[in-house]
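Enquirer: target_32.txt (compact mmCIF, C-alpha atoms) pasted underneath:
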# COMPACT_ATOMS: atom_id res chain seq x y z
CA MET A 17 0.00 0.00 0.00
CA SER A 18 2.90 2.33 0.68
CA GLY A 19 4.04 1.60 -2.86
CA VAL A 20 0.66 2.54 -4.29
CA TRP A 21 0.84 5.95 -2.62
CA SER A 22 4.55 6.57 -3.16
CA GLU A 23 5.63 9.63 -5.10
CA LYS A 24 7.28 7.41 -7.67
CA ASN A 25 4.02 5.60 -8.38
CA LYS A 26 2.14 8.90 -8.52
CA PHE A 27 4.52 10.27 -11.13
CA PHE A 28 4.48 6.97 -13.01
CA ASN A 29 0.69 7.17 -13.30
CA TRP A 30 0.99 10.74 -14.55
CA LEU A 31 3.31 9.37 -17.22
CA VAL A 32 0.85 6.60 -18.10
CA VAL A 33 -1.87 9.19 -18.69
CA GLU A 34 0.37 11.39 -20.87
CA ILE A 35 1.39 8.39 -22.98
CA ALA A 36 -2.25 7.33 -23.32
CA VAL A 37 -2.97 10.80 -24.71
CA PHE A 38 -0.16 10.30 -27.23
CA ARG A 39 -1.74 7.06 -28.40
CA ALA A 40 -5.20 8.57 -28.61
CA ARG A 41 -3.91 11.44 -30.73
CA ARG A 42 -2.21 9.02 -33.06
CA ARG A 43 -5.38 6.90 -33.37
CA ILE A 44 -7.49 9.87 -34.49
CA GLY A 45 -4.77 11.02 -36.88
CA GLU A 46 -3.89 14.17 -34.99
CA MET A 47 -0.23 13.24 -34.77
CA MET A 48 1.74 10.71 -36.79
CA HIS A 49 4.85 10.15 -34.69
CA LYS A 50 5.64 6.61 -33.67
CA ILE A 51 5.14 5.81 -29.99
CA PRO A 52 7.35 2.98 -28.65
CA ARG A 53 5.35 0.28 -26.88
CA ASP A 54 7.74 0.33 -23.95
CA LEU A 55 7.87 4.13 -23.71
CA ALA A 56 6.75 4.13 -20.06
CA LYS A 57 9.62 1.80 -19.16
CA ARG A 58 12.14 3.94 -20.99
CA ILE A 59 11.36 7.04 -18.94
CA VAL A 60 13.24 7.18 -15.65
CA ILE A 61 11.05 8.54 -12.87
CA ASN A 62 13.22 10.41 -10.39
CA PRO A 63 11.00 11.90 -7.65
CA GLU A 64 13.94 13.66 -6.00
CA GLU A 65 14.83 15.50 -9.20
CA ILE A 66 11.20 16.39 -9.95
CA ASN A 67 10.84 17.79 -6.44
CA ARG A 68 14.09 19.73 -6.83
CA ILE A 69 12.88 21.31 -10.06
CA GLU A 70 9.58 22.23 -8.41
CA LYS A 71 11.26 23.72 -5.33
CA GLU A 72 14.05 25.62 -7.06
CA GLU A 73 12.53 26.52 -10.43
CA THR A 74 8.90 25.98 -11.36
CA HIS A 75 7.07 26.03 -8.00
CA HIS A 76 4.55 23.79 -9.79
CA ASP A 77 4.64 20.02 -9.50
CA VAL A 78 3.21 19.16 -12.92
CA THR A 79 5.48 21.52 -14.85
CA ALA A 80 8.43 20.11 -12.91
CA PHE A 81 7.32 16.61 -13.88
CA LEU A 82 6.94 17.64 -17.53
CA ALA A 83 10.42 19.17 -17.55
CA GLU A 84 11.92 15.90 -16.27
CA VAL A 85 9.96 13.74 -18.74
CA SER A 86 10.37 16.02 -21.75
CA SER A 87 14.15 15.80 -21.54
CA GLN A 88 13.89 12.01 -22.05
CA LEU A 89 11.57 12.12 -25.08
CA SER A 90 12.39 12.50 -28.74
CA ALA A 91 12.01 16.02 -30.11
CA GLU A 92 8.84 15.00 -31.99
CA LEU A 93 7.09 13.53 -28.97
CA SER A 94 8.33 16.27 -26.64
CA SER A 95 6.56 18.88 -28.74
CA TRP A 96 3.24 17.05 -28.22
CA LEU A 97 3.70 16.46 -24.47
CA HIS A 98 0.79 17.90 -22.47
CA ARG A 99 -0.45 19.88 -25.49
CA GLY A 100 -3.96 21.17 -24.82
CA LEU A 101 -4.08 19.58 -21.38
CA THR A 102 -4.45 21.14 -17.97
CA SER A 103 -2.61 19.79 -14.96
CA TYR A 104 -5.61 18.02 -13.47
CA ASP A 105 -6.40 16.15 -16.66
CA VAL A 106 -3.29 14.25 -15.71
CA VAL A 107 -3.42 14.50 -11.91
CA ASP A 108 -7.05 13.49 -11.45
CA THR A 109 -7.08 10.76 -14.08
CA ALA A 110 -3.90 9.34 -12.54
CA LEU A 111 -5.44 9.65 -9.08
CA SER A 112 -8.26 7.39 -10.25
CA LEU A 113 -5.66 4.80 -11.23
CA GLN A 114 -4.10 5.02 -7.76
CA LEU A 115 -7.49 4.74 -6.08
CA ARG A 116 -8.19 1.60 -8.11
CA GLU A 117 -4.85 0.09 -7.11
CA SER A 118 -5.51 0.97 -3.49
CA ILE A 119 -8.98 -0.62 -3.49
CA LYS A 120 -7.56 -3.83 -4.93
CA VAL A 121 -4.98 -4.01 -2.13
CA LEU A 122 -7.62 -3.26 0.51
CA THR A 123 -9.89 -5.95 -0.95
CA GLN A 124 -7.12 -8.55 -0.71
CA THR A 125 -6.27 -7.58 2.87
CA LEU A 126 -9.95 -7.63 3.86
CA ALA A 127 -10.38 -11.06 2.29
CA LYS A 128 -7.56 -12.42 4.49
CA LEU A 129 -9.19 -10.93 7.58
CA MET A 130 -12.55 -12.45 6.64
CA SER A 131 -10.95 -15.85 6.12
CA VAL A 132 -9.36 -15.83 9.59
CA VAL A 133 -12.55 -14.64 11.27
CA LYS A 134 -14.45 -17.43 9.53
CA ASP A 135 -11.91 -20.08 10.56
CA VAL A 136 -12.06 -19.07 14.22
CA ALA A 137 -15.86 -18.80 14.09
CA LEU A 138 -16.12 -22.38 12.83
CA VAL A 139 -13.82 -23.66 15.58
CA CYS A 140 -15.85 -21.81 18.23
CA LYS A 141 -19.25 -22.42 16.65
CA TYR A 142 -20.80 -24.15 19.67
CA MET A 143 -18.60 -22.56 22.38
CA PRO A 144 -21.09 -21.08 24.88
CA GLU A 145 -20.52 -17.51 26.03
CA VAL A 146 -22.74 -15.04 27.79
CA GLY A 147 -24.17 -12.36 25.55
CA ARG A 148 -23.94 -8.86 26.98
CA SER A 149 -26.05 -5.78 26.33
CA HIS A 150 -25.14 -2.44 27.92
CA GLY A 151 -22.19 -4.31 29.46
CA ILE A 152 -24.59 -6.45 31.51
CA HIS A 153 -25.15 -10.21 31.18
CA ALA A 154 -28.10 -10.80 28.87
CA GLU A 155 -28.64 -14.26 27.32
CA PRO A 156 -26.33 -17.07 26.15
CA ILE A 157 -24.73 -16.93 22.72
CA THR A 158 -21.64 -18.69 21.40
CA PHE A 159 -18.26 -17.16 20.70
CA GLY A 160 -18.63 -18.46 17.16
CA VAL A 161 -21.86 -16.49 16.73
CA LYS A 162 -20.05 -13.35 17.93
CA LEU A 163 -17.45 -13.85 15.20
CA ALA A 164 -20.14 -14.66 12.64
CA ASN A 165 -21.56 -11.21 13.30
CA TRP A 166 -18.15 -9.69 12.68
CA TYR A 167 -17.80 -11.70 9.47
CA SER A 168 -21.19 -10.57 8.19
CA GLU A 169 -20.23 -6.93 8.69
CA LEU A 170 -16.88 -7.44 6.95
CA GLU A 171 -18.65 -9.15 4.07
CA ARG A 172 -20.77 -6.02 3.54
CA HIS A 173 -17.56 -4.00 3.46
CA HIS A 174 -16.20 -6.33 0.78
CA LYS A 175 -19.24 -5.53 -1.36
CA ARG A 176 -18.79 -1.81 -0.64
CA LEU A 177 -15.24 -1.98 -1.99
CA GLN A 178 -16.47 -3.67 -5.16
CA ARG A 179 -18.99 -0.87 -5.71
CA LEU A 180 -16.35 1.72 -4.86
CA LEU A 181 -14.03 0.30 -7.52
CA ILE A 182 -16.65 1.26 -10.12
CA SER A 183 -17.28 4.69 -8.59
CA VAL A 184 -13.64 5.80 -8.66
CA SER A 185 -12.94 4.50 -12.16
CA VAL A 186 -13.40 7.83 -13.91
CA GLY A 187 -11.17 10.12 -15.92
CA LYS A 188 -11.15 13.51 -17.60
CA ILE A 189 -9.11 14.82 -20.52
CA SER A 190 -11.17 17.94 -21.14
CA GLY A 191 -8.67 20.73 -20.63
CA ALA A 192 -8.90 23.93 -18.62
CA VAL A 193 -12.35 24.42 -17.02
CA GLY A 194 -13.55 21.26 -18.79
CA MET A 195 -14.49 22.84 -22.11
CA TYR A 196 -12.38 20.47 -24.28
CA THR A 197 -9.40 22.35 -25.61
CA LEU A 198 -8.72 19.09 -27.43
CA ASP A 199 -10.91 16.62 -29.30
CA PRO A 200 -13.38 14.84 -26.93
CA LYS A 201 -12.55 11.59 -28.75
CA ILE A 202 -9.14 11.73 -27.08
CA GLU A 203 -10.77 11.56 -23.66
CA GLU A 204 -12.87 8.59 -24.73
CA LEU A 205 -9.86 6.70 -26.09
CA VAL A 206 -7.65 7.49 -23.09
CA CYS A 207 -10.27 6.37 -20.60
CA LYS A 208 -10.99 3.20 -22.57
CA GLU A 209 -7.29 2.30 -22.58
CA LEU A 210 -6.99 2.93 -18.84
CA GLY A 211 -10.21 1.13 -17.90
CA LEU A 212 -11.94 4.34 -16.83
CA LYS A 213 -15.19 6.08 -17.70
CA PRO A 214 -15.16 9.70 -18.99
CA VAL A 215 -16.87 12.02 -16.53
CA ILE A 216 -18.12 15.55 -16.98
CA ALA A 217 -15.82 17.86 -15.03
CA THR A 218 -14.70 21.42 -14.54
CA GLN A 219 -10.95 21.90 -14.37
CA ILE A 220 -10.97 19.02 -11.88
CA ILE A 221 -13.10 15.95 -11.23
CA ALA A 222 -15.67 16.78 -8.53
CA ARG A 223 -14.55 15.70 -5.08
CA ASP A 224 -17.67 13.72 -4.20
CA ILE A 225 -15.81 10.74 -5.66
CA VAL A 226 -12.86 11.18 -3.31
CA ALA A 227 -15.30 11.75 -0.46
CA GLU A 228 -17.04 8.47 -1.29
CA TYR A 229 -13.68 6.70 -1.25
CA MET A 230 -12.76 8.23 2.11
CA SER A 231 -16.23 7.51 3.54
CA THR A 232 -16.04 3.84 2.58
CA LEU A 233 -12.61 3.50 4.16
CA ALA A 234 -13.90 5.19 7.31
CA ILE A 235 -16.87 2.83 7.61
CA ILE A 236 -14.52 -0.15 7.39
CA ALA A 237 -12.14 1.50 9.86
CA ALA A 238 -15.01 2.00 12.29
CA THR A 239 -15.70 -1.75 12.16
CA ILE A 240 -12.02 -2.51 12.81
CA GLY A 241 -12.21 -0.14 15.78
CA LYS A 242 -15.40 -1.80 17.01
CA ILE A 243 -13.89 -5.30 16.87
CA SER A 244 -10.76 -4.01 18.60
CA VAL A 245 -12.82 -2.55 21.44
CA ASN A 246 -14.65 -5.89 21.82
CA ILE A 247 -11.34 -7.73 22.03
CA ARG A 248 -10.16 -5.27 24.68
CA LEU A 249 -13.34 -5.71 26.70
CA LEU A 250 -13.12 -9.51 26.58
CA SER A 251 -9.47 -9.26 27.68
CA GLN A 252 -10.25 -7.41 30.93
CA THR A 253 -9.03 -9.26 34.00
CA GLU A 254 -12.54 -9.62 35.38
CA ILE A 255 -13.75 -11.18 32.09
CA ARG A 256 -10.60 -12.74 30.55
CA GLU A 257 -12.37 -14.83 27.93
CA ILE A 258 -9.75 -14.12 25.27
CA MET A 259 -6.27 -12.67 25.19
CA GLU A 260 -4.18 -11.12 22.47
CA PRO A 261 -1.07 -13.06 21.44
CA PHE A 262 1.76 -12.16 23.83
CA SER A 263 5.31 -13.09 22.91
CA GLU A 264 7.75 -14.69 25.33
CA ASN A 265 9.91 -11.58 25.72
CA GLN A 266 7.10 -9.03 25.48
CA ASP A 267 6.57 -6.60 28.38
CA GLY A 268 3.18 -5.17 29.29
CA SER A 269 4.47 -2.58 31.73
CA SER A 270 7.79 -1.12 32.85
CA ALA A 271 6.50 -1.04 36.44
CA MET A 272 4.28 -4.14 36.73
CA PRO A 273 5.83 -7.36 35.42
CA HIS A 274 2.52 -9.25 35.48
CA LYS A 275 0.77 -7.04 32.91
CA LYS A 276 -0.43 -8.52 29.58
CA ASN A 277 -2.07 -5.55 27.90
CA PRO A 278 -4.13 -5.75 24.67
CA ILE A 279 -1.78 -3.27 23.04
CA GLY A 280 -2.56 -4.25 19.44
CA SER A 281 -6.28 -3.68 19.86
CA GLU A 282 -5.60 -0.43 21.69
CA ASN A 283 -3.40 0.75 18.83
CA LEU A 284 -6.09 -0.08 16.31
CA SER A 285 -8.83 1.64 18.31
CA GLY A 286 -6.82 4.87 18.18
CA LEU A 287 -5.52 4.64 14.63
CA MET A 288 -8.92 3.90 13.11
CA ARG A 289 -10.16 7.18 14.61
CA VAL A 290 -7.69 8.97 12.34
CA VAL A 291 -9.23 7.31 9.27
CA CYS A 292 -12.71 8.33 10.42
CA ALA A 293 -11.62 11.89 11.21
CA ASN A 294 -10.08 12.35 7.76
CA VAL A 295 -13.52 12.00 6.19
CA GLN A 296 -14.48 15.45 7.46
CA VAL A 297 -11.63 16.96 5.45
CA ALA A 298 -12.78 15.07 2.36
CA TYR A 299 -16.31 16.42 2.81
CA GLU A 300 -15.06 19.98 3.11
CA ASN A 301 -12.98 19.47 -0.03
CA LEU A 302 -16.21 19.19 -2.04
CA ALA A 303 -16.25 22.99 -1.92
CA THR A 304 -12.92 23.16 -3.75
CA CYS A 305 -14.57 24.41 -6.93
CA TRP A 306 -14.67 28.14 -6.41
CA HIS A 307 -16.44 28.46 -9.74
CA GLU A 308 -14.43 25.97 -11.83
CA ARG A 309 -11.31 25.48 -9.69
CA SER A 310 -9.46 26.28 -6.51
CA LEU A 311 -6.47 24.59 -4.93
CA ASP A 312 -7.58 24.12 -1.32
CA ASN A 313 -8.15 20.37 -1.78
CA SER A 314 -4.69 19.60 -3.11
CA GLY A 315 -2.48 19.77 -0.02
CA ALA A 316 -5.05 18.09 2.23
CA GLU A 317 -5.57 15.20 -0.20
CA ARG A 318 -1.85 14.50 -0.31
CA VAL A 319 -2.12 13.72 3.39
CA ILE A 320 -5.55 12.20 4.00
CA ILE A 321 -5.90 9.80 1.06
CA ALA A 322 -2.53 8.10 1.47
CA ASP A 323 -2.71 8.12 5.27
CA SER A 324 -6.19 6.63 5.43
CA SER A 325 -5.40 3.99 2.81
CA ILE A 326 -2.20 2.89 4.53
CA LEU A 327 -3.71 3.00 8.03
CA LEU A 328 -6.75 0.93 7.05
CA ASP A 329 -4.63 -1.64 5.23
CA TYR A 330 -2.34 -1.86 8.26
CA GLY A 331 -5.30 -2.05 10.63
CA MET A 332 -6.92 -4.96 8.82
CA ALA A 333 -3.62 -6.82 8.54
CA ARG A 334 -2.81 -6.36 12.22
CA LEU A 335 -6.31 -7.39 13.31
CA THR A 336 -5.95 -10.52 11.16
CA GLY A 337 -2.85 -11.49 13.14
CA ILE A 338 -4.51 -10.77 16.48
CA ILE A 339 -7.59 -12.90 15.76
CA GLU A 340 -5.59 -15.70 14.18
CA LYS A 341 -3.29 -16.09 17.19
CA MET A 342 -5.42 -14.94 20.13
CA GLN A 343 -5.88 -17.23 23.12
CA ILE A 344 -9.47 -18.33 23.76
CA TYR A 345 -10.42 -19.45 27.28
CA HIS A 346 -13.44 -21.74 26.98
CA GLU A 347 -13.56 -22.57 30.70
CA ARG A 348 -13.58 -18.88 31.56
CA MET A 349 -16.51 -18.35 29.20
CA LEU A 350 -18.43 -21.08 31.03
CA PHE A 351 -17.52 -19.56 34.40
CA ASN A 352 -18.82 -16.14 33.32
CA LEU A 353 -21.90 -17.73 31.80
CA ASN A 354 -22.85 -19.08 35.23
CA LEU A 355 -21.75 -15.99 37.16
CA THR A 356 -25.29 -14.74 37.76
CA LYS A 357 -26.46 -18.20 38.87
CA GLY A 358 -29.16 -18.68 36.29
CA LEU A 359 -30.45 -15.12 35.83
CA ILE A 360 -29.68 -15.35 32.11
CA PHE A 361 -32.70 -17.68 31.79
CA SER A 362 -35.17 -15.15 33.24
CA GLN A 363 -36.89 -14.54 29.88
CA GLU A 364 -37.78 -18.22 29.54
CA VAL A 365 -39.28 -18.21 33.06
CA MET A 366 -41.22 -15.03 32.37
CA MET A 367 -42.72 -16.46 29.17
CA LEU A 368 -43.64 -19.69 30.99
CA VAL A 369 -45.41 -17.80 33.78
CA ALA A 370 -47.26 -15.60 31.29
CA GLU A 371 -48.42 -18.66 29.36
CA LYS A 372 -49.48 -20.77 32.35
CA SER A 373 -50.99 -18.04 34.50
CA GLY A 374 -53.03 -16.19 31.95
CA LEU A 375 -51.68 -12.97 33.46
CA PRO A 376 -50.92 -10.00 31.19
CA ARG A 377 -47.32 -10.10 30.02
CA LYS A 378 -46.48 -7.01 32.07
CA ALA A 379 -47.74 -8.65 35.27
CA ALA A 380 -45.80 -11.87 34.56
CA HIS A 381 -42.69 -9.80 33.82
CA ARG A 382 -43.02 -7.95 37.14
CA LEU A 383 -43.53 -11.20 39.06
CA VAL A 384 -40.34 -12.79 37.69
CA ARG A 385 -38.44 -9.52 37.82
CA ASP A 386 -38.98 -9.20 41.58
CA VAL A 387 -37.41 -12.63 42.14
CA ALA A 388 -34.59 -11.98 39.67
CA LEU A 389 -33.61 -8.62 41.19
CA LYS A 390 -33.59 -10.14 44.66
CA CYS A 391 -31.15 -12.79 43.41
CA TRP A 392 -29.13 -10.06 41.70
CA GLU A 393 -28.65 -8.30 45.04
CA THR A 394 -28.17 -11.37 47.28
CA GLY A 395 -26.29 -13.67 44.91
CA GLU A 396 -28.80 -16.47 45.52
CA ASP A 397 -29.36 -19.17 42.90
CA PHE A 398 -32.21 -18.08 40.62
CA LEU A 399 -33.65 -21.56 40.04
CA GLU A 400 -33.65 -22.50 43.72
CA THR A 401 -35.21 -19.17 44.67
CA LEU A 402 -37.94 -19.58 42.07
CA LEU A 403 -38.80 -23.07 43.34
CA CYS A 404 -39.36 -21.61 46.81
CA ASN A 405 -41.44 -18.67 45.63
CA ASN A 406 -45.18 -19.32 46.01
CA SER A 407 -46.13 -16.28 43.89
CA VAL A 408 -44.48 -17.97 40.90
CA MET A 409 -45.00 -21.64 41.71
CA GLN A 410 -48.78 -21.28 42.07
CA PHE A 411 -48.90 -21.15 38.28
CA VAL A 412 -46.18 -23.66 37.26
CA ASN A 413 -44.57 -26.88 38.46
CA ALA A 414 -40.91 -27.58 39.25
CA GLU A 415 -40.31 -29.64 36.12
CA GLU A 416 -41.54 -26.82 33.89
CA VAL A 417 -39.33 -24.30 35.67
CA ARG A 418 -36.24 -26.50 35.44
CA ALA A 419 -36.85 -26.91 31.69
CA CYS A 420 -36.41 -23.13 31.32
CA PHE A 421 -32.75 -23.50 32.35
CA ASN A 422 -31.75 -25.51 29.27
CA LEU A 423 -28.62 -24.01 27.68
CA GLY A 424 -28.97 -26.19 24.59
CA HIS A 425 -32.42 -24.75 23.96
CA LYS A 426 -30.99 -21.25 23.98
CA LEU A 427 -28.35 -22.24 21.41
CA ARG A 428 -30.63 -24.32 19.18
CA HIS A 429 -30.44 -21.94 16.21
CA VAL A 430 -26.64 -21.69 15.96
CA ASP A 431 -26.66 -23.84 12.81
CA TYR A 432 -29.22 -21.53 11.22
CA ILE A 433 -27.12 -18.45 12.02
CA PHE A 434 -24.01 -20.05 10.50
CA LEU A 435 -25.89 -21.16 7.42
CA LYS A 436 -27.24 -17.65 7.00
CA THR A 437 -23.75 -16.17 7.44
CA PHE A 438 -21.46 -18.58 5.62
CA GLY A 439 -23.76 -20.63 3.40
CA GLU A 440 -23.44 -24.39 3.08
Could you write out this structure as structure tokens?
Expert:
Amino acid sequence: MSGVWSEKNKFFNWLVVEIAVFRARRRIGEMMHKIPRDLAKRIVINPEEINRIEKEETHHDVTAFLAEVSSQLSAELSSWLHRGLTSYDVVDTALSLQLRESIKVLTQTLAKLMSVVKDVALVCKYMPEVGRSHGIHAEPITFGVKLANWYSELERHHKRLQRLLISVSVGKISGAVGMYTLDPKIEELVCKELGLKPVIATQIIARDIVAEYMSTLAIIAATIGKISVNIRLLSQTEIREIMEPFSENQDGSSAMPHKKNPIGSENLSGLMRVVCANVQVAYENLATCWHERSLDNSGAERVIIADSSILLDYGMARLTGIIEKMQIYHERMLFNLNLTKGLIFSQEVMMLVAEKSGLPRKAAHRLVRDVALKCWETGEDFLETLLCNNSVMQFVNAEEVRACFNLGHKLRHVDYIFLKTFGE
């Protein structure tokens, strides 16, 4: 990903666009000079020299680039270089090529993450774990189902990247302010060669496309952050159901030798915020067209697009390693599952009482709630307390109540969830 957003690759894509314009001009008979098939390979891209020319002479990146390239072309081709073009015919069309490259890398990295999440989900498919809402024990789930939820979200992101690949695949070769200072057929031919679609534009391509790219990356980053927070929560000493991989010589604290901190997840939680924050800059860059052009987007985009792309790619790769190698404590999950001594089955009891008593649901809920909250405060066993409670037992028998505490019944649809998530 760093290679995709390197200066060398940026300048190379500028060169690719300029050469594509050469070929288009030759195809429509506008110029007759021969264009070597390997012309792009013949030109030496020297970012340091281009930057020197810009800093010391031109104070303009594209003219500095053209000066460096022109000196390596034949006199015939040099005279046609950039003729009739404006800078952003090259810059924005080349940016689309970089965005495409970036999306392909992100898609590959995401696919690896999805594969690891799926593998762990299948291993932990039937591993019981307490489900939590608002941080409080709710009802039983399995750790595999938790990961299936993560997978389903990542799968939607995979589809978003496929749609994004189409959205960013646009180009413009329409000259200053987009009024075609050169034949529109050239734009059509250039875009066809580069796998892009011509788009109506001013002097630049409208920034809603970049904003869509940045927004999609931010949505994925938010999911990476969400999963990282969940890993951190499950790693807390009081919960300790999973633990990040921790190497033999790794230190968690300079002061406390016992510490095993979830540092990778913490890193990701913070870094993904940067990706999300960069979207605001992309949104504000939509106003870059003061009439047909202004330059306020340029500097910001040189930072936010590369940074967000690299950070997200890194984040997905690092999360892949964490999930693949994390320690999973099944016995601890069972311990936590039973921590409230049966309170997680309160819904089953409430539905039983409502059915058998004929009471309104609200009244049955209140009846069971009073017993449950007493157990919450005293730590008494919920089942045993229910069996001794005449207000409840007047409507049901002991066998019916005990049947409500069936863990397997709570997990009976795990196969359905996995089929829905992963298919056959």
Enquirer: What is the CA of Ile119 (chain A)-CA of Leu180 (chain A) distance in Å, reported with one decimal?
Expert: 7.9 Å
Enquirer: Take CA of Pro278 (chain A) and CA of Val136 (chain A) and report the distance between them in Å, one decimal.
Expert: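 Going from CA of Pro278 (chain A) over to CA of Val136 (chain A), I get 18.7 Å.
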Enquirer: Can you work out which one of A:Ser190, A:Asn294, A:Ser251, A:Thr79 has the shortest atom-to-atom distance to Ile202 (chain A), counting all atoms listed in the file?
Expert: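 Among A:Ser190, A:Asn294, A:Ser251, A:Thr79, it is A:Ser190 that comes nearest to Ile202 (chain A).
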Enquirer: For the point (-11.6, -20.2, 28.6) in file coordinates, what residues are within 10 Å, counting only C-alpha atoms? Give the answer as a list in words?
Expert: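 Output: Met143, Glu145, Ile255, Arg256, Glu257, Ile258, Met259, Gln343, Ile344, Tyr345, His346, Glu347, Arg348, Met349, Leu350, Phe351 and Asn352 of chain A.
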Enquirer: Env of Ile66 (chain A): 7 Å cut, atoms = all atoms listed in the file, seq-sep filter 4 positions within chain, self excluded. Answer as a PyMOL selection string.
Expert: chain A and resi 62+70+80-81+84
Enquirer: Which polymer residues, whether protein, DNA or RNA, lie within 9 Å of the coordinate (-4.7, 6.2, -28.1) when you count all atoms listed in the file? List them as a ChimeraX atom specification, using the chain letters and numbers from the file.
Expert: /A:35-44,202,205-206,208-209
Enquirer: So that I can check the surroundings of Leu55 (chain A), please list as a ChimeraX atom specification every protein, DNA and RNA residue that reaches within 10 Å of it, counting all atoms listed in the file and ignoring chain neighbours fewer than 6 positions away.
Expert: /A:31-32,35,89
Enquirer: What does the distance from CA of Gly286 (chain A) to CA of Glu260 (chain A) come to in Å, to one decimal?
Expert: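 Computing the Euclidean distance for CA of Gly286 (chain A) and CA of Glu260 (chain A) yields 16.8 Å.
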Enquirer: Within 12 Å of Glu393 (chain A), counting all atoms listed in the file, which residues qualify if same-chain residues fewer than 6 places away don't, as a ChimeraX atom specification?
Expert: /A:356-357,359,386-387
Enquirer: Put those residues in a file: C-alpha atoms, as a PDB file, keeping the file's coordinate frame.
Expert:
ATOM      1  CA  THR A 356     -25.290 -14.740  37.760  1.00  0.00           C
ATOM      2  CA  LYS A 357     -26.460 -18.200  38.870  1.00  0.00           C
ATOM      3  CA  LEU A 359     -30.450 -15.120  35.830  1.00  0.00           C
ATOM      4  CA  ASP A 386     -38.980  -9.200  41.580  1.00  0.00           C
ATOM      5  CA  VAL A 387     -37.410 -12.630  42.140  1.00  0.00           C
TER       6      VAL A 387
END
Enquirer: Here is a test: counting all atoms listed in the file, which residue of A:Ala137, A:Ile320, A:Met48, A:Met332 is nearest to Leu93 (chain A)?
Expert: A:Met48
Enquirer: Nearest to Val133 (chain A): which of A:Ser407, A:Thr197, A:Thr253, A:Ser168 is it, counting all atoms listed in the file?
Expert: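 Result for the nearest residue to Val133 (chain A): A:Ser168.
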Enquirer: Name the closest residue to Asp267 (chain A) among the candidates A:Cys292, A:Asn405, A:Lys390, A:Ile279; distances are taken between atoms, counting all atoms listed in the file.
Expert: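 Looking only at the distances to Asp267 (chain A), the closest residue turns out to be A:Ile279.
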